[in-house]
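Participant: This is start.cif, which holds mmCIF, C-alpha atoms and all ligand atoms:
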data_structure
#
loop_
_atom_site.label_atom_id
_atom_site.label_comp_id
_atom_site.auth_asym_id
_atom_site.auth_seq_id
_atom_site.Cartn_x
_atom_site.Cartn_y
_atom_site.Cartn_z
CA MET A 206 124.52 -70.93 -172.29
CA ILE A 207 123.32 -69.88 -168.85
CA GLU A 208 124.33 -66.52 -167.41
CA VAL A 209 123.52 -65.62 -163.83
CA ARG A 210 124.24 -61.95 -163.28
CA ASN A 211 124.34 -60.29 -159.89
CA LEU A 212 121.51 -62.45 -158.67
CA THR A 213 120.10 -61.54 -155.28
CA ARG A 214 117.16 -63.14 -153.52
CA ARG A 215 115.88 -62.15 -150.13
CA TYR A 216 113.36 -63.80 -147.91
CA GLY A 217 112.05 -60.86 -145.96
CA GLY A 218 115.17 -59.46 -144.30
CA ASN A 219 117.32 -62.54 -144.93
CA VAL A 220 119.58 -62.74 -147.93
CA ALA A 221 119.48 -66.26 -149.37
CA VAL A 222 121.46 -65.38 -152.52
CA ASN A 223 123.76 -62.38 -152.57
CA ASP A 224 124.97 -60.76 -155.79
CA LEU A 225 125.79 -64.11 -157.36
CA SER A 226 127.28 -64.23 -160.88
CA PHE A 227 128.48 -67.18 -162.92
CA THR A 228 128.06 -68.70 -166.37
CA VAL A 229 127.62 -72.22 -167.66
CA GLU A 230 128.81 -72.83 -171.20
CA ARG A 231 126.68 -74.75 -173.64
CA GLY A 232 127.25 -78.51 -173.61
CA THR A 233 128.98 -78.58 -170.24
CA ILE A 234 128.07 -79.80 -166.77
CA CYS A 235 128.34 -77.33 -163.93
CA GLY A 236 128.38 -78.55 -160.34
CA PHE A 237 126.81 -76.28 -157.77
CA LEU A 238 128.37 -76.92 -154.36
CA GLY A 239 127.80 -75.51 -150.92
CA PRO A 240 126.73 -76.52 -147.43
CA ASN A 241 123.07 -76.72 -146.47
CA GLY A 242 121.46 -73.32 -146.61
CA ALA A 243 124.06 -71.92 -149.03
CA GLY A 244 121.38 -70.84 -151.50
CA LYS A 245 121.66 -73.59 -154.09
CA SER A 246 118.00 -74.54 -154.27
CA THR A 247 116.93 -70.91 -154.21
CA THR A 248 119.21 -70.15 -157.17
CA MET A 249 118.05 -73.21 -159.08
CA ASN A 250 114.39 -72.43 -158.42
CA ILE A 251 114.97 -68.97 -159.84
CA MET A 252 116.85 -70.33 -162.87
CA ALA A 253 114.00 -72.73 -163.55
CA GLY A 254 111.44 -69.93 -163.35
CA TYR A 255 109.75 -71.23 -160.19
CA LEU A 256 110.77 -68.41 -157.94
CA GLY A 257 111.08 -64.70 -158.47
CA LEU A 258 114.32 -62.85 -157.91
CA THR A 259 114.91 -59.73 -155.86
CA ASP A 260 117.66 -58.29 -158.03
CA GLY A 261 119.93 -59.18 -160.93
CA GLU A 262 119.07 -61.36 -163.91
CA VAL A 263 119.26 -64.83 -165.36
CA LEU A 264 119.79 -65.19 -169.12
CA LEU A 265 119.27 -68.41 -171.05
CA ASP A 266 120.92 -68.19 -174.44
CA GLY A 267 120.68 -64.44 -174.07
CA VAL A 268 116.98 -64.42 -173.16
CA SER A 269 116.08 -62.95 -169.76
CA ILE A 270 113.85 -65.13 -167.58
CA ALA A 271 112.15 -62.05 -166.19
CA ASP A 272 111.33 -60.72 -169.66
CA GLU A 273 110.25 -63.93 -171.33
CA PRO A 274 109.38 -66.47 -168.62
CA GLU A 275 107.30 -68.77 -170.80
CA ARG A 276 109.92 -69.01 -173.54
CA CYS A 277 112.62 -69.67 -170.94
CA LYS A 278 110.59 -72.32 -169.14
CA ARG A 279 110.31 -74.24 -172.39
CA MET A 280 114.10 -74.32 -172.64
CA ILE A 281 114.46 -75.95 -169.23
CA GLY A 282 113.98 -79.35 -167.67
CA TYR A 283 114.04 -79.19 -163.89
CA LEU A 284 114.38 -81.79 -161.19
CA PRO A 285 113.62 -79.96 -157.94
CA GLU A 286 114.94 -81.16 -154.58
CA GLN A 287 111.50 -82.65 -153.91
CA PRO A 288 110.14 -83.69 -157.29
CA PRO A 289 106.41 -82.92 -157.57
CA ILE A 290 105.34 -86.46 -158.37
CA TYR A 291 101.79 -87.64 -157.82
CA MET A 292 101.58 -90.78 -155.78
CA ASP A 293 98.22 -91.89 -157.17
CA MET A 294 99.36 -91.91 -160.78
CA THR A 295 101.48 -94.41 -162.66
CA PRO A 296 104.78 -93.17 -164.13
CA GLU A 297 103.26 -93.22 -167.59
CA GLU A 298 100.18 -91.21 -166.57
CA TYR A 299 102.30 -88.76 -164.64
CA LEU A 300 104.77 -88.24 -167.46
CA ASP A 301 101.98 -87.77 -169.97
CA PHE A 302 100.45 -85.19 -167.65
CA ALA A 303 103.81 -83.46 -167.16
CA ALA A 304 104.39 -83.43 -170.92
CA GLU A 305 101.05 -81.73 -171.39
CA LEU A 306 101.88 -79.14 -168.73
CA ARG A 307 105.20 -78.62 -170.44
CA GLY A 308 103.26 -77.62 -173.53
CA LEU A 309 104.40 -80.48 -175.74
CA GLU A 310 102.09 -81.03 -178.68
CA ARG A 311 99.84 -84.08 -178.59
CA GLY A 312 101.76 -85.74 -181.45
CA GLU A 313 105.19 -85.39 -179.86
CA ARG A 314 103.98 -86.19 -176.35
CA ALA A 315 103.80 -89.98 -176.68
CA GLU A 316 107.30 -90.15 -178.12
CA ALA A 317 108.73 -87.83 -175.49
CA VAL A 318 107.20 -89.97 -172.72
CA GLU A 319 108.52 -93.17 -174.31
CA ASP A 320 112.03 -91.74 -174.67
CA ALA A 321 112.07 -90.53 -171.07
CA ILE A 322 110.80 -93.87 -169.75
CA ARG A 323 113.38 -95.79 -171.73
CA LEU A 324 116.32 -93.57 -170.84
CA THR A 325 115.59 -93.61 -167.13
CA GLY A 326 114.91 -97.34 -167.06
CA VAL A 327 111.39 -97.24 -165.65
CA GLU A 328 109.84 -99.47 -168.35
CA ASP A 329 109.05 -102.27 -165.92
CA MET A 330 107.33 -99.91 -163.49
CA ARG A 331 105.37 -97.83 -165.97
CA ASP A 332 101.96 -99.18 -164.93
CA ARG A 333 102.47 -99.33 -161.19
CA LEU A 334 101.31 -96.62 -158.85
CA ILE A 335 104.12 -94.21 -158.01
CA ALA A 336 103.13 -94.63 -154.33
CA ASN A 337 104.33 -98.24 -154.57
CA LEU A 338 107.69 -97.49 -156.14
CA SER A 339 111.01 -97.44 -154.28
CA LYS A 340 112.80 -94.15 -153.64
CA GLY A 341 115.21 -94.94 -156.48
CA TYR A 342 112.42 -95.45 -158.98
CA ARG A 343 110.58 -92.34 -157.81
CA GLN A 344 113.75 -90.38 -158.39
CA ARG A 345 114.01 -91.82 -161.87
CA VAL A 346 110.44 -90.76 -162.56
CA GLY A 347 111.33 -87.24 -161.40
CA PHE A 348 114.31 -87.41 -163.71
CA ALA A 349 112.18 -88.64 -166.59
CA GLN A 350 109.92 -85.65 -166.03
CA ALA A 351 112.91 -83.30 -166.17
CA ILE A 352 114.22 -84.62 -169.48
CA LEU A 353 110.82 -84.85 -171.22
CA GLY A 354 111.21 -83.52 -174.74
CA PHE A 355 114.95 -83.05 -174.16
CA PRO A 356 115.01 -79.33 -173.40
CA PRO A 357 118.46 -77.79 -174.02
CA ILE A 358 119.03 -76.80 -170.39
CA LEU A 359 118.74 -79.28 -167.54
CA ILE A 360 118.75 -78.33 -163.88
CA PHE A 361 119.04 -81.09 -161.28
CA ASP A 362 118.84 -80.25 -157.58
CA GLU A 363 120.69 -82.99 -155.68
CA PRO A 364 119.84 -85.68 -158.21
CA THR A 365 121.54 -88.50 -156.30
CA ALA A 366 120.50 -87.60 -152.75
CA GLY A 367 119.02 -90.53 -150.87
CA LEU A 368 119.86 -93.13 -153.49
CA ASP A 369 121.86 -96.29 -152.92
CA PRO A 370 125.32 -96.65 -154.51
CA LYS A 371 124.10 -98.60 -157.53
CA GLN A 372 121.33 -96.11 -158.22
CA ILE A 373 123.81 -93.26 -157.80
CA LEU A 374 126.05 -94.75 -160.47
CA GLU A 375 123.10 -95.21 -162.83
CA ILE A 376 121.93 -91.63 -162.41
CA ARG A 377 125.48 -90.32 -162.91
CA GLU A 378 125.82 -92.36 -166.07
CA LEU A 379 122.54 -90.96 -167.30
CA ILE A 380 123.67 -87.40 -166.61
CA ARG A 381 126.95 -88.05 -168.34
CA SER A 382 125.12 -89.34 -171.41
CA LEU A 383 123.16 -86.08 -171.60
CA ARG A 384 126.24 -83.88 -171.66
CA ARG A 385 127.14 -82.14 -174.95
CA GLU A 386 123.57 -82.13 -176.25
CA HIS A 387 122.52 -80.28 -173.10
CA THR A 388 123.75 -77.61 -170.78
CA ILE A 389 123.50 -79.04 -167.28
CA ILE A 390 123.71 -77.61 -163.81
CA LEU A 391 123.41 -79.90 -160.82
CA SER A 392 123.84 -79.43 -157.11
CA THR A 393 125.44 -82.08 -154.95
CA HIS A 394 126.99 -82.69 -151.58
CA ILE A 395 129.27 -85.38 -152.88
CA LEU A 396 132.60 -83.86 -153.85
CA SER A 397 133.88 -86.92 -155.68
CA GLU A 398 130.69 -86.83 -157.73
CA ALA A 399 131.26 -83.19 -158.58
CA ARG A 400 134.85 -83.88 -159.52
CA GLY A 401 134.06 -86.90 -161.67
CA LEU A 402 131.06 -85.46 -163.44
CA CYS A 403 131.46 -81.73 -163.78
CA ASP A 404 133.46 -79.56 -166.17
CA LYS A 405 133.14 -76.64 -163.83
CA LEU A 406 132.29 -76.07 -160.19
CA VAL A 407 130.61 -73.12 -158.54
CA ILE A 408 131.02 -73.05 -154.76
CA VAL A 409 128.58 -70.94 -152.75
CA HIS A 410 128.38 -70.22 -149.05
CA ARG A 411 125.66 -68.18 -147.35
CA GLY A 412 124.46 -66.99 -150.71
CA ASN A 413 127.87 -65.72 -151.81
CA LEU A 414 130.07 -66.98 -154.61
CA MET A 415 133.24 -68.37 -153.04
CA ALA A 416 134.94 -69.95 -156.05
CA ASP A 417 134.26 -70.79 -159.65
CA GLY A 418 136.37 -72.88 -162.04
CA ALA A 419 137.30 -76.33 -163.31
CA PRO A 420 137.77 -78.88 -160.50
CA GLU A 421 141.51 -79.06 -161.22
CA GLU A 422 141.80 -75.27 -161.07
CA LEU A 423 140.11 -75.14 -157.69
CA GLU A 424 142.37 -77.88 -156.42
CA ARG A 425 145.45 -76.06 -157.59
CA SER A 426 144.22 -72.95 -155.82
CA GLY A 427 144.13 -75.04 -152.66
CA GLY A 428 147.88 -75.57 -152.76
CA GLY A 429 148.33 -78.63 -154.91
CA ARG A 430 146.79 -81.98 -155.28
CA SER A 431 147.67 -84.96 -153.24
CA LEU A 432 148.51 -88.49 -154.11
CA ASP A 433 147.39 -91.63 -152.27
CA VAL A 434 150.06 -94.30 -152.13
CA VAL A 435 149.75 -97.76 -150.62
CA VAL A 436 152.86 -99.92 -150.19
CA ARG A 437 153.54 -103.21 -148.42
CA CYS A 438 155.82 -102.47 -145.49
CA GLY A 439 155.59 -102.89 -141.74
CA ASP A 440 157.13 -99.55 -140.88
CA PRO A 441 155.09 -96.42 -141.62
CA GLU A 442 157.86 -94.14 -140.32
CA LEU A 443 160.31 -95.55 -142.84
CA VAL A 444 157.81 -95.06 -145.67
CA ARG A 445 157.10 -91.55 -144.48
CA SER A 446 160.74 -90.57 -144.39
CA VAL A 447 161.45 -92.03 -147.87
CA PHE A 448 158.58 -90.10 -149.44
CA ALA A 449 159.24 -86.92 -147.46
CA GLU A 450 162.70 -86.69 -149.06
CA LEU A 451 161.36 -86.68 -152.62
CA PRO A 452 161.64 -83.36 -154.44
CA GLY A 453 158.22 -81.70 -154.84
CA VAL A 454 156.67 -83.39 -151.80
CA THR A 455 155.46 -80.83 -149.27
CA ASP A 456 153.78 -83.09 -146.75
CA VAL A 457 153.37 -86.81 -146.01
CA SER A 458 151.02 -88.55 -143.65
CA ALA A 459 151.01 -92.32 -143.20
CA ARG A 460 149.10 -94.98 -141.33
CA THR A 461 149.39 -98.78 -141.22
CA GLU A 462 146.75 -101.42 -141.72
CA ASP A 463 147.45 -105.17 -142.01
CA GLY A 464 151.08 -104.73 -143.01
CA GLU A 465 150.22 -102.10 -145.61
CA VAL A 466 151.11 -98.45 -145.29
CA PHE A 467 148.56 -95.93 -146.58
CA ALA A 468 150.41 -92.70 -147.31
CA SER A 469 149.03 -89.38 -148.49
CA LEU A 470 151.50 -87.09 -150.25
CA THR A 471 150.86 -83.41 -150.90
CA ARG A 472 152.85 -81.90 -153.71
CA SER A 473 153.79 -78.39 -154.64
CA GLU A 474 152.14 -76.89 -157.66
CA GLY A 475 152.97 -78.30 -161.07
CA GLU A 476 154.93 -81.30 -159.77
CA ASP A 477 154.14 -84.76 -161.05
CA LEU A 478 155.30 -87.14 -158.35
CA ARG A 479 154.21 -90.43 -159.80
CA GLU A 480 157.44 -91.62 -161.37
CA ARG A 481 159.51 -90.41 -158.42
CA VAL A 482 157.26 -92.31 -156.05
CA PHE A 483 157.54 -95.43 -158.19
CA ASP A 484 161.34 -95.20 -158.38
CA ALA A 485 161.59 -94.54 -154.63
CA CYS A 486 159.49 -97.63 -153.90
CA VAL A 487 161.69 -99.77 -156.12
CA ALA A 488 164.88 -98.39 -154.53
CA ALA A 489 163.58 -98.91 -151.00
CA GLY A 490 162.12 -102.33 -151.78
CA PHE A 491 158.46 -101.51 -150.99
CA PRO A 492 156.01 -103.37 -153.22
CA LEU A 493 153.77 -100.59 -154.61
CA LEU A 494 150.09 -101.58 -154.30
CA THR A 495 148.25 -98.36 -155.15
CA LEU A 496 149.15 -94.98 -156.64
CA ARG A 497 146.32 -92.59 -157.38
CA PRO A 498 145.42 -88.91 -157.17
CA SER A 499 143.27 -88.16 -154.16
CA ASP A 500 140.10 -86.11 -153.97
CA ALA A 501 141.17 -84.80 -150.59
CA SER A 502 142.42 -81.50 -151.92
CA LEU A 503 139.02 -80.58 -153.37
CA GLU A 504 137.58 -81.43 -150.01
CA SER A 505 140.03 -79.19 -148.21
CA VAL A 506 139.34 -76.32 -150.61
CA PHE A 507 135.62 -76.78 -150.03
CA ILE A 508 135.99 -76.83 -146.27
CA ARG A 509 138.24 -73.80 -146.26
CA LEU A 510 135.83 -71.82 -148.42
CA THR A 511 132.66 -72.76 -146.61
CA SER A 512 133.56 -72.78 -142.95
CA GLY A 513 133.77 -69.04 -142.32
CA ASP A 514 131.04 -66.47 -142.19
CA GLY A 515 131.33 -65.58 -145.85
CA PRO A 516 133.59 -63.49 -148.08
CA ASP A 517 133.73 -60.56 -145.66
CA ASP A 518 135.13 -62.77 -142.97
CA ALA A 519 138.64 -61.41 -143.12
CA ASP A 520 137.77 -57.84 -142.24
CA GLY A 521 136.29 -58.83 -138.92
CA GLU A 522 132.80 -57.73 -139.81
CA THR A 523 130.12 -59.54 -137.91
CA ASP A 524 127.54 -61.25 -139.95
CA ASP A 525 124.25 -61.98 -138.34
CA GLU A 526 122.31 -63.48 -141.17
CA THR A 527 119.86 -65.97 -139.85
CA ASP A 528 119.18 -69.30 -141.44
CA ASN A 529 115.71 -69.69 -140.11
CA GLU A 530 113.16 -71.14 -142.43
CA THR A 531 110.61 -68.64 -141.22
CA ASP A 532 111.03 -64.95 -141.45
CA GLY A 533 109.60 -62.34 -139.19
CA ASP A 534 109.00 -59.79 -141.90
CA ALA A 535 105.54 -59.19 -143.15
CA ASP A 536 104.99 -59.04 -146.88
CA ASP A 537 106.77 -55.85 -147.67
CA GLY A 538 105.87 -55.43 -151.26
CA ALA A 539 105.24 -57.88 -154.05
CA ASP A 540 106.94 -57.59 -157.38
CA GLY A 541 104.70 -59.93 -159.22
CA ASP A 542 106.91 -62.99 -159.09
CA ALA A 543 105.32 -66.39 -159.22
CA ASP A 544 106.56 -67.84 -155.96
CA ALA A 545 106.37 -71.59 -155.75
CA ASP A 546 107.44 -71.60 -152.12
CA ASN A 547 104.50 -71.81 -149.79
CA THR A 548 106.42 -71.31 -146.64
CA GLY A 549 105.05 -67.91 -145.88
CA ASP A 550 107.84 -65.67 -147.01
CA GLY A 551 107.12 -62.19 -148.18
CA GLY A 552 107.62 -62.84 -151.86
CA GLY A 553 110.23 -61.19 -154.03
CA ALA A 554 110.41 -58.06 -151.98
CA ARG A 555 112.72 -55.41 -153.30
CA GLU A 556 114.43 -53.31 -150.71
CA ASP A 557 116.88 -50.50 -151.02
CA THR A 558 119.07 -51.51 -148.13
CA PRO A 559 122.45 -53.06 -148.93
CA ALA A 560 122.44 -56.77 -149.65
CA ARG A 561 124.26 -57.73 -146.50
CA GLU A 562 122.08 -57.34 -143.44
CA GLU A 563 124.05 -55.88 -140.58
CA ASP A 564 121.14 -55.63 -138.26
CA ALA A 565 119.25 -58.85 -138.84
CA GLU A 566 118.12 -60.78 -135.80
CA GLY A 567 120.95 -62.91 -134.46
CA GLY A 568 121.06 -66.62 -133.88
CA GLY A 569 120.74 -69.58 -136.17
CA GLY A 570 124.02 -68.74 -137.86
CA ASP A 571 125.70 -72.06 -137.31
CA GLU A 572 125.83 -74.28 -140.29
CA SER A 573 127.40 -77.68 -140.44
CA ASN A 574 129.57 -78.34 -143.44
CA LEU A 575 129.26 -81.40 -145.61
P1 LIG A 601 120.56 -74.90 -150.16
O1 LIG A 601 119.72 -75.46 -151.26
O2 LIG A 601 121.93 -74.50 -150.58
O3 LIG A 601 120.59 -75.81 -148.96
P2 LIG A 601 118.46 -72.92 -149.90
O4 LIG A 601 118.44 -72.20 -151.20
O5 LIG A 601 117.41 -73.96 -149.68
O6 LIG A 601 119.91 -73.53 -149.66
O7 LIG A 601 118.36 -71.87 -148.73
C1 LIG A 601 119.14 -70.69 -148.67
C2 LIG A 601 118.71 -69.85 -147.48
O8 LIG A 601 117.41 -69.32 -147.69
C3 LIG A 601 118.65 -70.61 -146.18
O9 LIG A 601 119.10 -69.76 -145.17
C4 LIG A 601 117.19 -70.93 -146.04
O10 LIG A 601 116.84 -71.07 -144.69
C5 LIG A 601 116.54 -69.72 -146.66
N1 LIG A 601 115.25 -70.06 -147.27
C6 LIG A 601 115.04 -70.98 -148.24
N2 LIG A 601 113.74 -71.04 -148.60
C7 LIG A 601 113.10 -70.14 -147.81
C8 LIG A 601 111.74 -69.70 -147.70
N3 LIG A 601 110.80 -70.21 -148.48
N4 LIG A 601 111.45 -68.76 -146.80
C9 LIG A 601 112.42 -68.21 -146.03
N5 LIG A 601 113.73 -68.56 -146.07
C10 LIG A 601 114.07 -69.52 -146.96
MG MG A 602 118.84 -77.33 -151.42
#
For this file, write the structure as structure tokens.
Facilitator:
Amino acid sequence: MIEVRNLTRRYGGNVAVNDLSFTVERGTICGFLGPNGAGKSTTMNIMAGYLGLTDGEVLLDGVSIADEPERCKRMIGYLPEQPPIYMDMTPEEYLDFAAELRGLERGERAEAVEDAIRLTGVEDMRDRLIANLSKGYRQRVGFAQAILGFPPILIFDEPTAGLDPKQILEIRELIRSLRREHTIILSTHILSEARGLCDKLVIVHRGNLMADGAPEELERSGGGRSLDVVVRCGDPELVRSVFAELPGVTDVSARTEDGEVFASLTRSEGEDLRERVFDACVAAGFPLLTLRPSDASLESVFIRLTSGDGPDDADGETDDETDNETDGDADDGADGDADADNTGDGGGAREDTPAREEDAEGGGGDESNL
């Protein structure tokens, strides 16, 4: 089990992660969602032991990363946003090297490399230079590196970013196959991916926890799920009015395409509309072509939660956090963390000021969602 408790990480004066707490139960997949700059990679880097924290703690099966970093690192396989793969090695050489770094014994190394190569489907490319592999294969090699020796906790930072649809499906299938034996946390921008793959979602925005729960729970919190219905009929207004009259329907939108009406029905909480929709179609004489739950409500929850300035939005407080990659602050005190980020930040500086910076330099606050 992973427990993140009151985690805070600053870069100089900027708060990248602010008092974040959540847990991931053993054998489940947790999806970490948020717009660019929300603090996902920072949190994952800390969880994987690659970046120091400013405040709070991360516990892996009850063991604190800060207290026992080496033991914790052995429990984790990590696929960073930019996997550290070496272009002038072959996948096999690279994985053998990574297995050695991981501290796997000589005897178990060969088997771990073989298992990883097989599971990620890079057998045919094992002797080619990584420089000559496609993006999809490089990602698989990064993945193979993460699962070497099958550590109990797997952390994947945007594992499907930049892949084509077929590769995305393969990687998802692979992740799904690792569930149960492993505790997995992955970040993604693709909401349908999060919904289809994850047992639980954690939504962050500007370093703050915005929501945490099963996908269905979050959708319910957004005012009910919607249903996509496609019927054959030339008159979208007629379809709209038939569905709008059904008990439990709170909203209907409809558009036409090639003699088919695509309708989206929003329902009030707890209502199952499917049989009513079916019966209404039969009664009105519309051939029913499609009836399926839509992902739109997760999308609307996500957009609602991540389009403001953060959780303090409602009280009118201004929030001037900057999202600049650079920070003006000089190194204001090291706390001995092993920073893997070479972008010139001040290190895990601990400050006594409150987490939310009221007086940070302005600008750069605009973030696009999705
Ligand atoms: P995400 O992965 O959700 O896109 P990040 O964790 O990469 O978000 O970034 C969170 C915030 O921290 C952003 O505002 C980003 O600009 C800032 N940040 C990330 N890395 C650094 C760094 N090395 N130095 C300074 N600021 C950083
Ligand atoms: Mg990131």
Participant: For region 337-348 of chain A, find every residue with an atom within 8 Å (counting all atoms listed in the file), except residues of its own chain fewer than 6 positions away, and show them as a VMD selection string.
Facilitator: chain A and resid 284 288 to 290 296 300 322 325 to 327 330 364 367 to 369 372 376
Participant: Fewer than 3 positions away in the same chain doesn't count, so skip those; otherwise give me all residues within 8 Å of Asp301 (chain A), counting only C-alpha atoms, as a ChimeraX atom specification.
Facilitator: /A:297-298,304-305,314-315,318
Participant: For the residues in the current selection, export C-alpha atoms as a PDB file, keeping the file's coordinate frame.
Facilitator:
ATOM      1  CA  GLU A 297     103.260 -93.220-167.590  1.00  0.00           C
ATOM      2  CA  GLU A 298     100.180 -91.210-166.570  1.00  0.00           C
ATOM      3  CA  ALA A 304     104.390 -83.430-170.920  1.00  0.00           C
ATOM      4  CA  GLU A 305     101.050 -81.730-171.390  1.00  0.00           C
ATOM      5  CA  ARG A 314     103.980 -86.190-176.350  1.00  0.00           C
ATOM      6  CA  ALA A 315     103.800 -89.980-176.680  1.00  0.00           C
ATOM      7  CA  VAL A 318     107.200 -89.970-172.720  1.00  0.00           C
TER       8      VAL A 318
END
Participant: Enter the distance from CA of Leu402 (chain A) to CA of Arg381 (chain A), in Å, rounded to one decimal.
Facilitator: 6.9 Å
Participant: Nearest to ligand LIG 601 (chain A) among A:Ser226, A:Asn413, A:Ser512, A:Thr233, with distances taken over all atoms listed in the file: which residue is it?
Facilitator: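 Residue with the minimum atom-to-atom distance to ligand LIG 601 (chain A): A:Asn413.
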Participant: Counting only C-alpha atoms and all ligand atoms, which of A:Gly254, A:Gly261, A:Pro357, A:Gly412 gets nearest to ligand MG 602 (chain A)?
Facilitator: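 Of all the options, A:Gly412 lies closest to ligand MG 602 (chain A).
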Participant: Here is a test: counting only C-alpha atoms and all ligand atoms, which residue of A:Asp463, A:Glu474, A:Glu378, A:Glu286 is nearest to ligand LIG 601 (chain A)?
Facilitator: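 Residue with the minimum atom-to-atom distance to ligand LIG 601 (chain A): A:Glu286.
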Participant: Grab the CA of Ile281 (chain A) to CA of Thr228 (chain A) distance for me, in Å with one decimal place.
Facilitator: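 So the two atoms, CA of Ile281 (chain A) and CA of Thr228 (chain A), lie 15.7 Å apart.
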Participant: Counting all atoms listed in the file, which residues have an atom no more than 12 Å from (156.5, -81.1, -160.2) in the file's coordinates? Please list them as a list in words.
Facilitator: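 The residues near that point, listed by chain and number, are Gly429, Arg430, Ser431, Leu451, Pro452, Gly453, Val454, Thr455, Thr471, Arg472, Ser473, Glu474, Gly475, Glu476, Asp477, Leu478, Arg479, Glu480, Arg481 and Val482 of chain A.
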